[in-house]
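Below is final38.txt, which holds compact mmCIF, C-alpha atoms.
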# COMPACT_ATOMS: atom_id res chain seq x y z
CA MET A 1 26.94 12.12 -86.92
CA ILE A 2 26.71 8.96 -88.98
CA THR A 3 27.33 5.79 -87.02
CA ARG A 4 28.75 2.69 -88.59
CA ARG A 5 25.56 0.80 -87.71
CA THR A 6 23.28 3.42 -89.31
CA PHE A 7 25.33 3.56 -92.48
CA LEU A 8 25.63 -0.23 -92.80
CA ASN A 9 21.90 -0.73 -92.18
CA THR A 10 21.00 1.90 -94.78
CA ALA A 11 23.51 0.49 -97.26
CA ALA A 12 22.31 -3.08 -96.75
CA ALA A 13 18.66 -2.14 -97.18
CA THR A 14 19.28 -0.15 -100.34
CA ALA A 15 21.74 -2.68 -101.75
CA GLY A 16 19.07 -5.35 -101.50
CA LEU A 17 16.75 -3.18 -103.59
CA ALA A 18 19.49 -2.20 -106.02
CA ALA A 19 20.34 -5.82 -106.78
CA ALA A 20 16.97 -6.07 -108.53
CA GLY A 21 18.05 -3.56 -111.19
CA PRO A 22 20.22 -4.76 -114.07
CA ALA A 23 22.53 -1.71 -114.09
CA SER A 24 23.46 -2.05 -110.43
CA ALA A 25 23.34 -5.80 -110.03
CA GLN A 26 26.37 -7.13 -108.19
CA TYR A 27 28.12 -3.76 -108.07
CA LEU A 28 30.38 -3.18 -105.08
CA VAL A 29 31.12 0.48 -104.39
CA PRO A 30 34.91 0.98 -104.29
CA GLU A 31 36.27 1.80 -100.84
CA SER A 32 37.56 5.14 -102.17
CA GLN A 33 33.94 6.14 -102.89
CA LEU A 34 32.46 5.28 -99.50
CA PRO A 35 31.22 8.18 -97.35
CA ARG A 36 33.65 9.31 -94.71
CA VAL A 37 34.07 12.07 -92.18
CA VAL A 38 36.84 14.45 -93.28
CA GLN A 39 38.52 17.65 -92.16
CA ILE A 40 38.38 20.34 -94.85
CA ASP A 41 39.99 23.77 -94.91
CA ARG A 42 37.08 25.58 -96.52
CA ASP A 43 34.90 28.19 -94.84
CA TYR A 44 31.61 26.31 -95.36
CA ALA A 45 28.89 26.68 -92.74
CA PRO A 46 27.58 23.68 -90.78
CA GLY A 47 24.33 22.28 -92.17
CA GLU A 48 25.11 23.13 -95.80
CA ILE A 49 25.79 20.98 -98.87
CA HIS A 50 28.75 21.86 -101.10
CA VAL A 51 29.53 20.08 -104.38
CA GLU A 52 33.07 20.38 -105.72
CA PRO A 53 32.88 19.13 -109.31
CA GLN A 54 36.62 18.95 -109.97
CA SER A 55 37.01 16.29 -107.27
CA PHE A 56 33.57 14.66 -107.72
CA LYS A 57 32.79 15.23 -104.03
CA LEU A 58 29.76 16.41 -102.10
CA TYR A 59 30.27 17.70 -98.57
CA TRP A 60 27.54 17.70 -95.92
CA MET A 61 28.97 20.11 -93.37
CA LEU A 62 28.87 18.75 -89.82
CA GLY A 63 30.74 21.58 -88.11
CA PRO A 64 33.49 24.11 -88.75
CA GLY A 65 36.01 22.33 -90.99
CA LEU A 66 34.31 18.95 -90.52
CA ALA A 67 32.23 17.28 -93.23
CA LEU A 68 30.72 14.02 -94.33
CA GLU A 69 32.18 13.45 -97.81
CA TYR A 70 30.31 11.56 -100.52
CA ALA A 71 31.56 10.61 -103.98
CA VAL A 72 29.30 11.91 -106.77
CA GLY A 73 28.77 11.99 -110.50
CA ILE A 74 28.06 15.37 -112.07
CA GLY A 75 26.74 16.95 -115.25
CA ARG A 76 28.81 16.41 -118.35
CA ARG A 77 30.69 19.26 -119.98
CA GLY A 78 28.40 22.15 -120.77
CA LEU A 79 25.55 20.81 -118.60
CA TYR A 80 26.90 21.18 -115.05
CA GLU A 81 25.36 24.33 -113.58
CA SER A 82 27.03 25.97 -110.63
CA GLY A 83 25.01 28.14 -108.30
CA ASP A 84 23.53 28.77 -104.88
CA PHE A 85 20.35 26.77 -104.26
CA ARG A 86 17.92 25.69 -101.54
CA ILE A 87 16.48 22.22 -101.01
CA ASN A 88 12.76 23.05 -101.21
CA ALA A 89 11.47 19.53 -101.91
CA LYS A 90 12.54 15.97 -101.10
CA LYS A 91 11.09 12.78 -102.56
CA GLU A 92 11.50 9.07 -101.95
CA TRP A 93 11.54 6.96 -105.13
CA PRO A 94 10.74 10.07 -107.21
CA SER A 95 9.09 9.98 -110.61
CA TRP A 96 11.08 11.44 -113.49
CA THR A 97 10.33 13.30 -116.70
CA PRO A 98 13.14 14.34 -119.03
CA THR A 99 13.28 18.06 -119.73
CA PRO A 100 12.51 19.33 -123.24
CA ASP A 101 16.25 20.11 -123.63
CA MET A 102 17.14 16.49 -122.82
CA ILE A 103 14.64 15.21 -125.39
CA GLU A 104 15.98 17.63 -128.00
CA ARG A 105 19.62 16.61 -127.32
CA ASP A 106 18.92 12.88 -127.50
CA PRO A 107 15.42 11.97 -128.69
CA ALA A 108 16.29 8.27 -129.09
CA ALA A 109 17.10 8.00 -125.40
CA TYR A 110 14.47 10.30 -123.89
CA GLU A 111 11.45 10.79 -126.16
CA GLN A 112 9.86 7.54 -124.95
CA TYR A 113 9.74 9.05 -121.41
CA ALA A 114 8.23 12.41 -122.43
CA ASP A 115 5.14 11.63 -120.31
CA GLY A 116 7.27 10.62 -117.34
CA MET A 117 8.42 7.50 -115.56
CA GLU A 118 7.17 6.27 -112.20
CA GLY A 119 9.64 6.02 -109.34
CA GLY A 120 11.35 2.69 -108.80
CA ILE A 121 14.57 0.79 -109.14
CA ASN A 122 14.85 1.41 -112.92
CA ASN A 123 14.17 5.15 -112.63
CA PRO A 124 17.29 7.28 -113.30
CA LEU A 125 16.66 9.41 -110.16
CA GLY A 126 17.17 6.37 -107.97
CA ALA A 127 16.01 5.95 -104.38
CA ARG A 128 15.82 9.59 -103.25
CA ALA A 129 16.00 13.11 -104.67
CA LEU A 130 16.69 16.55 -103.23
CA TYR A 131 15.17 19.28 -105.44
CA LEU A 132 17.23 22.41 -106.02
CA PHE A 133 15.39 25.74 -106.08
CA GLN A 134 16.40 29.36 -106.52
CA GLY A 135 13.81 31.39 -104.67
CA ASN A 136 10.46 29.74 -105.48
CA ARG A 137 11.67 28.52 -108.89
CA ASP A 138 12.38 24.83 -109.39
CA THR A 139 15.62 24.70 -111.39
CA PHE A 140 14.98 21.07 -112.45
CA LEU A 141 18.41 20.28 -111.01
CA ARG A 142 18.53 17.49 -108.45
CA ILE A 143 20.87 15.76 -106.06
CA HIS A 144 19.65 12.21 -106.51
CA GLY A 145 20.41 8.52 -106.48
CA THR A 146 21.27 6.51 -109.56
CA ASN A 147 20.54 3.14 -111.09
CA ALA A 148 23.98 3.41 -112.76
CA PRO A 149 26.43 3.35 -109.82
CA ARG A 150 29.45 2.93 -112.09
CA THR A 151 28.98 6.57 -113.21
CA ILE A 152 30.01 7.93 -109.80
CA GLY A 153 33.27 9.84 -110.15
CA SER A 154 32.54 10.99 -113.69
CA ALA A 155 30.82 13.80 -115.59
CA VAL A 156 28.03 12.05 -117.48
CA SER A 157 24.66 13.36 -116.28
CA ASN A 158 22.36 15.96 -117.83
CA GLY A 159 23.28 18.44 -115.11
CA CYS A 160 22.25 16.80 -111.85
CA VAL A 161 24.49 15.53 -109.06
CA ARG A 162 24.15 11.78 -108.48
CA LEU A 163 25.09 9.47 -105.63
CA VAL A 164 24.89 5.72 -105.11
CA ASN A 165 21.39 4.88 -103.82
CA SER A 166 22.54 3.93 -100.31
CA HIS A 167 24.49 7.19 -100.05
CA ILE A 168 21.62 9.43 -101.20
CA SER A 169 19.35 7.60 -98.76
CA ASP A 170 21.73 8.48 -95.93
CA LEU A 171 22.11 12.12 -97.06
CA TYR A 172 18.34 12.45 -97.58
CA ASN A 173 17.73 11.50 -93.94
CA ARG A 174 20.17 14.18 -92.75
CA VAL A 175 19.15 17.15 -94.89
CA PRO A 176 16.14 19.25 -93.82
CA LEU A 177 14.04 21.31 -96.19
CA GLY A 178 15.45 24.78 -96.69
CA THR A 179 19.07 23.59 -96.62
CA ARG A 180 21.51 25.65 -98.66
CA ALA A 181 23.24 23.69 -101.43
CA VAL A 182 26.12 25.27 -103.34
CA LEU A 183 27.31 23.73 -106.59
CA HIS A 184 30.78 25.22 -107.10
Written form, structure tokens:
Amino acid sequence: MITRRTFLNTAAATAGLAAAGPASAQYLVPESQLPRVVQIDRDYAPGEIHVEPQSFKLYWMLGPGLALEYAVGIGRRGLYESGDFRINAKKEWPSWTPTPDMIERDPAAYEQYADGMEGGINNPLGARALYLFQGNRDTFLRIHGTNAPRTIGSAVSNGCVRLVNSHISDLYNRVPLGTRAVLH
């Protein structure tokens, strides 16, 4: 269970780092997008992640009908991919390489990063990333942080699910490898 102290300490630490990046400088997450414990009437098992794209919410199931709710951004139309996945890798300040499809869709934005980008505050994967697999196959889909916190609550990504850096840091600490993640 998240305590107020744990969440505030995580948020404060990550906010200090985020202030260094131009896209997130002086951004205050709206109260409506802060994580909160909620009752839900879905039959999701404890210890699972469920993303509901129509409401831009991610649920980390704490117990029957009880979840920690996070606001998220999702893949834009035609790029959001629903499915049943497992978290088979986790990385802090992950490096990033755009997929060939991303480069083909928008070479002006992505071609310069074809050889990858080191992790850090300006990296689009943000502070943490949970890697979604199907069997042993990396799907290249991620649940990750973002250096563009204003995009939370919208469908703008290339398919991944994104959270504010302090929120993904909190979720990252809760989620063990092998966790089921369902993108509805």
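For Gly178 of chain A, the non-local neighbours within 7 Å, defined as residues at least 6 positions apart in the same chain or in other chains and counting only C-alpha atoms, are A:Arg86, A:Ile87, A:Asn88.
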Can you sort out the box for segment 156-173 of chain A, edges along x, y and z, all listed atoms in, 5 Å on every side, with centre and edge lengths in Å to one decimal, as lines of an AutoDock Vina configuration file?
center_x = 22.9
center_y = 11.2
center_z = -105.9
size_x = 20.3
size_y = 24.5
size_z = 33.9
*Could you tell me how far atom CA of Phe85 of chain A lies from atom CA of Glu111 of chain A, in Å and to one decimal?*
28.5 Å
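Atom CA of Ala148 of chain A sits 15.0 Å away from atom CA of Trp93 of chain A.
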*Using all atoms listed in the file, determine which residues lie at most 8 Å from Val164 of chain A, disregarding the query and same-chain residues fewer than 4 positions distant; provide the list as a list in words.*
Val72, Gly145, Thr146, Asn147, Pro149, Ile152 and Ile168 of chain A
*Residue contacts of Tyr70 of chain A (9 Å, all atoms listed in the file) excluding same-chain residues fewer than 3 positions away, as a count of residues only*: 13
